[in-house]
>>> print(open('model-v4.cif').read())   # mmCIF, C-alpha atoms
data_start
loop_
_atom_site.label_atom_id
_atom_site.label_comp_id
_atom_site.auth_asym_id
_atom_site.auth_seq_id
_atom_site.Cartn_x
_atom_site.Cartn_y
_atom_site.Cartn_z
CA MET A 62 115.12 123.98 103.28
CA ALA A 63 116.96 122.70 106.38
CA ASN A 64 113.59 121.70 107.83
CA GLN A 65 112.63 119.88 104.63
CA LEU A 66 115.94 118.00 104.68
CA SER A 67 115.46 117.08 108.31
CA HIS A 68 111.88 116.01 107.57
CA LEU A 69 113.10 113.68 104.79
CA ASP A 70 115.69 112.30 107.26
CA GLN A 71 112.87 111.44 109.66
CA ILE A 72 110.60 110.00 106.96
CA PHE A 73 113.31 107.70 105.54
CA ALA A 74 114.52 106.70 109.02
CA ALA A 75 110.93 105.84 109.96
CA LEU A 76 110.56 103.69 106.83
CA ALA A 77 113.86 101.84 107.43
CA ASP A 78 112.04 99.32 109.62
CA PRO A 79 109.75 96.50 108.41
CA THR A 80 107.28 96.87 111.31
CA ARG A 81 106.83 100.58 110.62
CA ARG A 82 106.48 100.00 106.87
CA ALA A 83 103.83 97.35 107.60
CA ILE A 84 101.94 99.87 109.79
CA VAL A 85 102.05 102.48 106.99
CA MET A 86 100.88 99.85 104.49
CA ARG A 87 97.95 98.90 106.78
CA LEU A 88 96.98 102.56 107.30
CA CYS A 89 96.95 103.16 103.53
CA ALA A 90 93.88 100.90 103.51
CA GLY A 91 92.14 102.95 106.25
CA GLU A 92 92.45 104.16 109.84
CA ALA A 93 92.87 101.64 112.67
CA SER A 94 93.20 101.53 116.45
CA VAL A 95 96.60 100.86 118.02
CA GLY A 96 95.23 97.49 119.19
CA GLU A 97 94.25 96.50 115.62
CA LEU A 98 97.61 97.67 114.28
CA ALA A 99 99.57 95.78 116.96
CA ASP A 100 97.58 92.56 116.54
CA PRO A 101 99.68 90.95 113.73
CA PHE A 102 102.95 91.57 115.60
CA ASP A 103 104.42 89.41 118.33
CA MET A 104 105.57 92.45 120.28
CA ALA A 105 104.97 93.99 123.73
CA LEU A 106 102.70 97.06 123.56
CA PRO A 107 105.37 99.53 124.87
CA SER A 108 107.76 98.43 122.06
CA PHE A 109 104.97 98.75 119.51
CA MET A 110 104.09 102.23 120.82
CA LYS A 111 107.70 103.29 120.19
CA HIS A 112 107.20 102.48 116.50
CA ILE A 113 103.96 104.50 116.46
CA HIS A 114 105.82 107.38 118.09
CA VAL A 115 108.59 107.31 115.42
CA LEU A 116 105.92 107.33 112.69
CA GLU A 117 104.13 110.26 114.34
CA THR A 118 107.37 112.25 114.73
CA SER A 119 108.14 111.72 111.02
CA GLY A 120 104.70 113.07 110.12
CA LEU A 121 103.69 109.82 108.36
CA VAL A 122 100.99 108.98 110.93
CA LEU A 123 98.52 111.01 112.96
CA SER A 124 96.75 109.63 116.01
CA GLU A 125 93.86 110.70 118.23
CA LYS A 126 92.68 109.31 121.54
CA SER A 127 89.01 108.90 122.26
CA GLY A 128 88.31 107.37 125.68
CA ARG A 129 90.69 104.44 126.00
CA VAL A 130 91.15 103.90 122.26
CA ARG A 131 93.89 105.60 120.23
CA THR A 132 93.07 105.65 116.52
CA CYS A 133 95.81 106.12 113.91
CA ARG A 134 95.51 107.36 110.36
CA LEU A 135 97.95 108.01 107.55
CA SER A 136 99.12 111.51 106.70
CA PRO A 137 99.71 111.06 102.96
CA ASP A 138 101.61 114.38 102.59
CA ALA A 139 104.77 112.90 104.13
CA LEU A 140 104.51 109.81 101.92
CA LEU A 141 104.07 111.97 98.81
CA ARG A 142 107.02 114.16 99.80
CA ALA A 143 109.31 111.12 99.95
CA GLU A 144 107.94 109.78 96.65
CA ASP A 145 108.60 113.23 95.11
CA TRP A 146 112.25 112.95 96.11
CA PHE A 147 112.59 109.69 94.14
CA GLN A 148 110.83 111.18 91.13
CA GLN A 149 113.23 114.16 91.16
CA GLN A 150 116.23 111.82 91.16
CA ARG A 151 114.71 109.72 88.37
CA ALA A 152 114.17 112.89 86.29
CA ILE A 153 117.89 113.79 86.66
CA TRP A 154 118.87 110.20 85.83
CA GLU A 155 116.60 110.00 82.78
CA ALA A 156 117.76 113.41 81.49
CA ARG A 157 121.29 112.06 81.69
CA LEU A 158 120.28 108.91 79.77
CA ASP A 159 118.63 111.10 77.11
CA ARG A 160 121.83 113.15 76.77
CA PHE A 161 123.83 109.92 76.54
CA GLU A 162 121.50 108.58 73.83
CA ALA A 163 121.83 111.85 71.88
CA TYR A 164 125.63 111.61 72.20
CA VAL A 165 125.65 107.99 70.95
CA MET A 166 123.44 108.96 67.99
CA LYS A 167 125.80 111.82 67.11
CA LEU A 168 128.80 109.45 67.30
CA LYS A 169 127.00 106.95 65.03
CA GLN A 170 126.24 109.64 62.46
CA GLU A 171 129.83 110.88 62.53
CA ARG A 172 131.12 107.32 62.11
CA ALA A 173 128.72 106.66 59.22
CA ALA A 174 129.86 109.87 57.56
CA ALA A 175 133.52 108.96 58.06
CA GLU A 176 132.97 105.54 56.46
CA ARG A 177 132.14 107.02 53.03
CA PRO A 178 134.69 109.78 52.44
CA SER A 179 135.65 108.56 48.97
CA LYS A 180 132.10 108.93 47.60
CA LYS A 181 131.88 112.51 48.87
CA THR A 182 135.23 113.39 47.34
CA GLU A 183 134.09 111.89 44.05
CA LYS A 184 130.90 113.92 44.08
CA LYS A 185 132.76 117.15 44.84
CA THR A 186 135.15 116.49 41.98
CA ASP A 187 132.19 115.84 39.65
CA LYS A 188 130.58 119.17 40.63
CA LYS A 189 133.76 121.08 39.97
CA THR A 190 134.06 119.44 36.55
CA ASP A 191 130.43 120.38 35.79
CA LYS A 192 131.07 124.03 36.70
CA THR A 193 134.11 124.31 34.48
CA THR A 194 132.29 122.80 31.52
CA LYS A 195 129.33 125.22 31.94
CA ARG A 196 129.38 128.03 29.40
CA LYS A 197 129.06 131.62 30.65
CA GLY A 198 125.91 133.49 29.63
CA SER A 199 123.91 130.33 29.00
CA MET B 204 110.95 88.14 100.75
CA ALA B 205 112.96 88.54 103.99
CA ASN B 206 115.94 89.65 101.87
CA GLN B 207 113.80 92.18 100.00
CA LEU B 208 112.54 93.57 103.31
CA SER B 209 116.07 93.80 104.66
CA HIS B 210 117.22 95.44 101.40
CA LEU B 211 114.50 98.12 101.74
CA ASP B 212 115.63 98.64 105.37
CA GLN B 213 119.15 99.35 104.11
CA ILE B 214 118.03 101.58 101.23
CA PHE B 215 115.80 103.74 103.46
CA ALA B 216 118.41 103.87 106.24
CA ALA B 217 121.01 104.96 103.66
CA LEU B 218 118.70 107.73 102.42
CA ALA B 219 117.92 108.98 105.95
CA ASP B 220 120.99 111.23 105.82
CA PRO B 221 121.35 114.51 103.87
CA THR B 222 125.00 113.85 102.87
CA ARG B 223 124.13 110.45 101.43
CA ARG B 224 121.06 111.82 99.61
CA ALA B 225 123.28 114.57 98.14
CA ILE B 226 125.76 111.92 96.92
CA VAL B 227 122.94 109.93 95.27
CA MET B 228 121.62 113.14 93.69
CA ARG B 229 125.09 113.96 92.30
CA LEU B 230 125.55 110.43 90.93
CA CYS B 231 122.18 110.60 89.15
CA ALA B 232 123.85 113.19 86.90
CA GLY B 233 126.80 110.87 86.15
CA GLU B 234 129.67 108.94 87.73
CA ALA B 235 132.27 110.75 89.85
CA SER B 236 135.45 110.05 91.80
CA VAL B 237 135.34 109.96 95.62
CA GLY B 238 137.40 113.17 95.61
CA GLU B 239 134.86 114.97 93.40
CA LEU B 240 131.99 113.69 95.53
CA ALA B 241 133.66 114.73 98.80
CA ASP B 242 134.60 118.20 97.54
CA PRO B 243 131.37 120.08 98.45
CA PHE B 244 131.42 118.67 102.01
CA ASP B 245 133.39 120.03 104.94
CA MET B 246 134.19 116.53 106.18
CA ALA B 247 137.30 114.43 106.82
CA LEU B 248 137.84 111.77 104.14
CA PRO B 249 137.45 108.78 106.55
CA SER B 250 134.03 110.11 107.65
CA PHE B 251 133.04 110.66 104.02
CA MET B 252 134.16 107.12 103.11
CA LYS B 253 131.80 105.76 105.79
CA HIS B 254 128.89 107.37 103.91
CA ILE B 255 130.10 105.82 100.64
CA HIS B 256 130.31 102.44 102.40
CA VAL B 257 126.71 102.73 103.69
CA LEU B 258 125.55 103.59 100.15
CA GLU B 259 127.46 100.63 98.70
CA THR B 260 126.06 98.22 101.32
CA SER B 261 122.51 99.38 100.49
CA GLY B 262 123.14 98.69 96.80
CA LEU B 263 122.48 102.31 95.81
CA VAL B 264 126.08 102.95 94.74
CA LEU B 265 128.77 100.88 93.03
CA SER B 266 132.43 101.82 93.07
CA GLU B 267 135.58 100.70 91.29
CA LYS B 268 139.21 101.53 91.97
CA SER B 269 141.60 102.25 89.13
CA GLY B 270 145.10 103.14 90.32
CA ARG B 271 144.63 105.61 93.15
CA VAL B 272 141.22 106.83 92.03
CA ARG B 273 137.95 105.25 93.22
CA THR B 274 135.06 106.05 90.88
CA CYS B 275 131.44 105.78 92.06
CA ARG B 276 128.31 105.34 90.00
CA LEU B 277 124.64 104.97 90.79
CA SER B 278 122.92 101.58 90.76
CA PRO B 279 119.42 102.72 89.72
CA ASP B 280 117.81 99.33 90.56
CA ALA B 281 117.88 100.08 94.30
CA LEU B 282 116.44 103.54 93.73
CA LEU B 283 113.65 102.13 91.56
CA ARG B 284 112.88 99.42 94.13
CA ALA B 285 112.33 102.06 96.83
CA GLU B 286 110.22 104.19 94.46
CA ASP B 287 108.13 101.07 93.68
CA TRP B 288 107.36 100.70 97.37
CA PHE B 289 105.89 104.22 97.46
CA GLN B 290 103.88 103.59 94.30
CA GLN B 291 102.42 100.40 95.83
CA GLN B 292 101.32 102.31 98.94
CA ARG B 293 99.83 105.09 96.82
CA ALA B 294 97.87 102.49 94.80
CA ILE B 295 96.37 101.09 98.04
CA TRP B 296 95.64 104.62 99.26
CA GLU B 297 94.05 105.71 95.97
CA ALA B 298 91.95 102.52 95.74
CA ARG B 299 90.63 103.38 99.19
CA LEU B 300 89.82 106.95 98.09
CA ASP B 301 88.01 105.54 95.03
CA ARG B 302 85.95 103.24 97.27
CA PHE B 303 85.22 106.18 99.59
CA GLU B 304 84.12 108.33 96.62
CA ALA B 305 81.84 105.53 95.37
CA TYR B 306 80.39 105.22 98.87
CA VAL B 307 79.73 108.99 99.09
CA MET B 308 78.08 108.93 95.62
CA LYS B 309 75.84 106.06 96.71
CA LEU B 310 74.88 107.94 99.90
CA LYS B 311 74.08 111.07 97.85
CA GLN B 312 71.90 109.10 95.45
CA GLU B 313 70.08 107.43 98.35
CA ARG B 314 69.54 110.80 100.03
CA ALA B 315 68.28 112.35 96.79
CA ALA B 316 65.89 109.42 96.33
CA ALA B 317 64.67 109.73 99.93
CA GLU B 318 63.96 113.46 99.47
CA ARG B 319 61.31 112.86 96.80
CA PRO B 320 59.31 109.83 97.93
CA SER B 321 55.94 111.42 97.14
CA LYS B 322 56.84 112.04 93.44
CA LYS B 323 57.92 108.41 93.00
CA THR B 324 54.78 107.14 94.59
CA GLU B 325 52.76 109.39 92.29
CA LYS B 326 54.61 108.13 89.22
CA LYS B 327 54.17 104.50 90.24
CA THR B 328 50.47 105.09 90.73
CA ASP B 329 50.28 106.73 87.28
CA LYS B 330 52.00 103.75 85.63
CA LYS B 331 49.66 101.32 87.27
CA THR B 332 46.73 103.38 86.08
CA ASP B 333 48.18 103.40 82.53
CA LYS B 334 48.55 99.61 82.55
CA THR B 335 45.05 99.03 83.69
CA THR B 336 43.65 101.37 81.05
CA LYS B 337 45.62 99.66 78.23
CA ARG B 338 43.50 97.30 76.18
CA LYS B 339 44.76 93.76 75.58
CA GLY B 340 45.61 92.79 72.00
CA SER B 341 46.08 96.43 70.87
#
>>> encode(input="model-v4.cif", output="structure tokens")
Amino acid sequence: MANQLSHLDQIFAALADPTRRAIVMRLCAGEASVGELADPFDMALPSFMKHIHVLETSGLVLSEKSGRVRTCRLSPDALLRAEDWFQQQRAIWEARLDRFEAYVMKLKQERAAAERPSKKTEKKTDKKTDKTTKRKGS
Amino acid sequence: MANQLSHLDQIFAALADPTRRAIVMRLCAGEASVGELADPFDMALPSFMKHIHVLETSGLVLSEKSGRVRTCRLSPDALLRAEDWFQQQRAIWEARLDRFEAYVMKLKQERAAAERPSKKTEKKTDKKTDKTTKRKGS
């Protein structure tokens, strides 16, 4: 559990940077070399490699070196784990809204019932009158 | 666009901490005072207030003071915005998987076709023979 919490810490911290989110977005479309990933950014390679390292530590990205080329690919498990967290919160939130809606409906029904007390009283009185006028044994 | 990026930076940075995620989770179930929120944590109030401040800056939490009590509630828009980001990435990822699946299917069909060249040739020959044996005007 502690590990899962710490993993979510790392995933969210990794995604709290526009360069790293752009890298994840690019890798969703397919694997790419570090050179290809760095190309759109006006950034020195050592700085860019720090971003790759943060993404690797968080488990969002995996990389492999072949000769002089390091190729990166997405590890969707980490992305799905973070998305799951949001879905869990939304489920709690929506359950609360449902309870609130049910509460409002109950209040409305109670108010509607309270608005016509005289009619009910009249009906009850009528019933009693009917009973007393009924003959026994009929 | 720059503001949206910066907003996502703040949302993800706010969620990169287990105490802040626990506060968000608690507020999903309904509003609460700072005292109620701080209760489960073994933390000095000034340190806890820093977490509340980070959550407020990110737009995830709204708070209001009435007398001596500050009440916090969730602002679900920020939570939904972050969830949207994950859904967008998943859509790109799944579209890629669909393309990959289509590519594999195409390869399989091509391989299956290549494995029976003789039968096709035979069939073609048969058809040609049929055509030539058909009488015109029949």
>>> calpha_fit_rmsd(input="model-v4.cif", fixed="chain A", moving="chain B")
1.2 Å
>>> resolve_selection(input="model-v4.cif", expression="the PyMOL selection byres ((chain A and resi 118) around 12)", output="ChimeraX atom specification")
/A:67-75,111-117,119-124,136,139
>>> closest_atom_pairs(input="model-v4.cif", of="segment 222-338 of chain B", to="segment 87-110 of chain A", cutoff="9 Å", atoms="all atoms listed in the file", output="JSON lines")
{"residue": "B:Gln292", "atom": "CA", "partner": "A:Cys89", "partner_atom": "CA", "distance": 6.4}
{"residue": "B:Arg293", "atom": "CA", "partner": "A:Cys89", "partner_atom": "CA", "distance": 7.6}
{"residue": "B:Ala294", "atom": "CA", "partner": "A:Cys89", "partner_atom": "CA", "distance": 8.8}
{"residue": "B:Ile295", "atom": "CA", "partner": "A:Cys89", "partner_atom": "CA", "distance": 5.9}
{"residue": "B:Trp296", "atom": "CA", "partner": "A:Cys89", "partner_atom": "CA", "distance": 4.7}
{"residue": "B:Glu297", "atom": "CA", "partner": "A:Cys89", "partner_atom": "CA", "distance": 8.5}
{"residue": "B:Ala298", "atom": "CA", "partner": "A:Ala90", "partner_atom": "CA", "distance": 8.2}
{"residue": "B:Arg299", "atom": "CA", "partner": "A:Ala90", "partner_atom": "CA", "distance": 5.9}
>>> closest_residue(input="model-v4.cif", among="A:Ala174, A:Val130, A:Leu135, A:Met166", to="chain B", atoms="all atoms listed in the file")
A:Leu135
>>> atom_distance(input="model-v4.cif", atom1="atom CA of Arg160 of chain A", atom2="atom CA of Glu144 of chain A")
24.5 Å
>>> atom_distance(input="model-v4.cif", atom1="atom CA of Trp146 of chain A", atom2="atom CA of Ile84 of chain A")
21.6 Å
>>> atom_distance(input="model-v4.cif", atom1="atom CA of Leu300 of chain B", atom2="atom CA of Met86 of chain A")
14.6 Å
>>> closest_residue(input="model-v4.cif", among="B:Ala225, B:Ala315, B:Leu282, B:Leu310", to="chain A", atoms="only C-alpha atoms")
B:Leu282
>>> closest_residue(input="model-v4.cif", among="A:Arg172, A:Lys126, A:Arg131, A:Arg142", to="chain B", atoms="only C-alpha atoms")
A:Arg142
>>> closest_residue(input="model-v4.cif", among="A:Phe161, A:Thr132, A:Lys167, A:Glu125", to="chain B", atoms="only C-alpha atoms")
A:Phe161
>>> build_atoms(input="model-v4.cif", residues="segment 103-121 of chain A", atoms="N, CA, C and O atoms", output="compact mmCIF listing (two decimals), keeping the file's coordinate frame")
# COMPACT_ATOMS: atom_id res chain seq x y z
N ASP A 103 104.11 90.07 117.07
CA ASP A 103 104.42 89.41 118.33
C ASP A 103 105.36 90.35 119.10
O ASP A 103 106.58 90.14 119.13
N MET A 104 104.77 91.38 119.70
CA MET A 104 105.57 92.45 120.28
C MET A 104 104.84 93.03 121.51
O MET A 104 103.61 93.17 121.48
N ALA A 105 105.59 93.36 122.55
CA ALA A 105 104.97 93.99 123.73
C ALA A 105 104.45 95.37 123.33
O ALA A 105 105.05 96.03 122.47
N LEU A 106 103.33 95.79 123.95
CA LEU A 106 102.70 97.06 123.56
C LEU A 106 103.65 98.27 123.69
O LEU A 106 103.68 99.12 122.79
N PRO A 107 104.46 98.37 124.78
CA PRO A 107 105.37 99.53 124.87
C PRO A 107 106.35 99.60 123.68
O PRO A 107 106.61 100.69 123.15
N SER A 108 106.85 98.44 123.23
CA SER A 108 107.76 98.43 122.06
C SER A 108 106.99 98.87 120.82
O SER A 108 107.52 99.64 119.99
N PHE A 109 105.76 98.38 120.68
CA PHE A 109 104.97 98.75 119.51
C PHE A 109 104.68 100.25 119.51
O PHE A 109 104.74 100.91 118.47
N MET A 110 104.40 100.79 120.72
CA MET A 110 104.09 102.23 120.82
C MET A 110 105.29 103.09 120.41
O MET A 110 105.11 104.19 119.91
N LYS A 111 106.51 102.54 120.63
CA LYS A 111 107.70 103.29 120.19
C LYS A 111 107.70 103.46 118.67
O LYS A 111 108.06 104.51 118.15
N HIS A 112 107.30 102.39 117.97
CA HIS A 112 107.20 102.48 116.50
C HIS A 112 106.17 103.53 116.08
O HIS A 112 106.39 104.32 115.17
N ILE A 113 105.02 103.52 116.77
CA ILE A 113 103.96 104.50 116.46
C ILE A 113 104.51 105.91 116.68
O ILE A 113 104.27 106.82 115.88
N HIS A 114 105.26 106.07 117.76
CA HIS A 114 105.82 107.38 118.09
C HIS A 114 106.79 107.86 116.99
O HIS A 114 106.74 109.03 116.60
N VAL A 115 107.64 106.95 116.50
CA VAL A 115 108.59 107.31 115.42
C VAL A 115 107.81 107.74 114.18
O VAL A 115 108.15 108.73 113.52
N LEU A 116 106.74 107.00 113.86
CA LEU A 116 105.92 107.33 112.69
C LEU A 116 105.22 108.68 112.86
O LEU A 116 105.10 109.45 111.90
N GLU A 117 104.78 108.96 114.09
CA GLU A 117 104.13 110.26 114.34
C GLU A 117 105.13 111.40 114.23
O GLU A 117 104.84 112.44 113.65
N THR A 118 106.34 111.20 114.78
CA THR A 118 107.37 112.25 114.73
C THR A 118 107.76 112.56 113.28
O THR A 118 108.02 113.71 112.92
N SER A 119 107.77 111.53 112.43
CA SER A 119 108.14 111.72 111.02
C SER A 119 107.03 112.41 110.23
O SER A 119 107.25 112.84 109.10
N GLY A 120 105.83 112.46 110.81
CA GLY A 120 104.70 113.07 110.12
C GLY A 120 103.96 112.10 109.22
O GLY A 120 103.03 112.49 108.51
N LEU A 121 104.36 110.81 109.23
CA LEU A 121 103.69 109.82 108.36
C LEU A 121 102.33 109.40 108.94
O LEU A 121 101.44 108.99 108.19
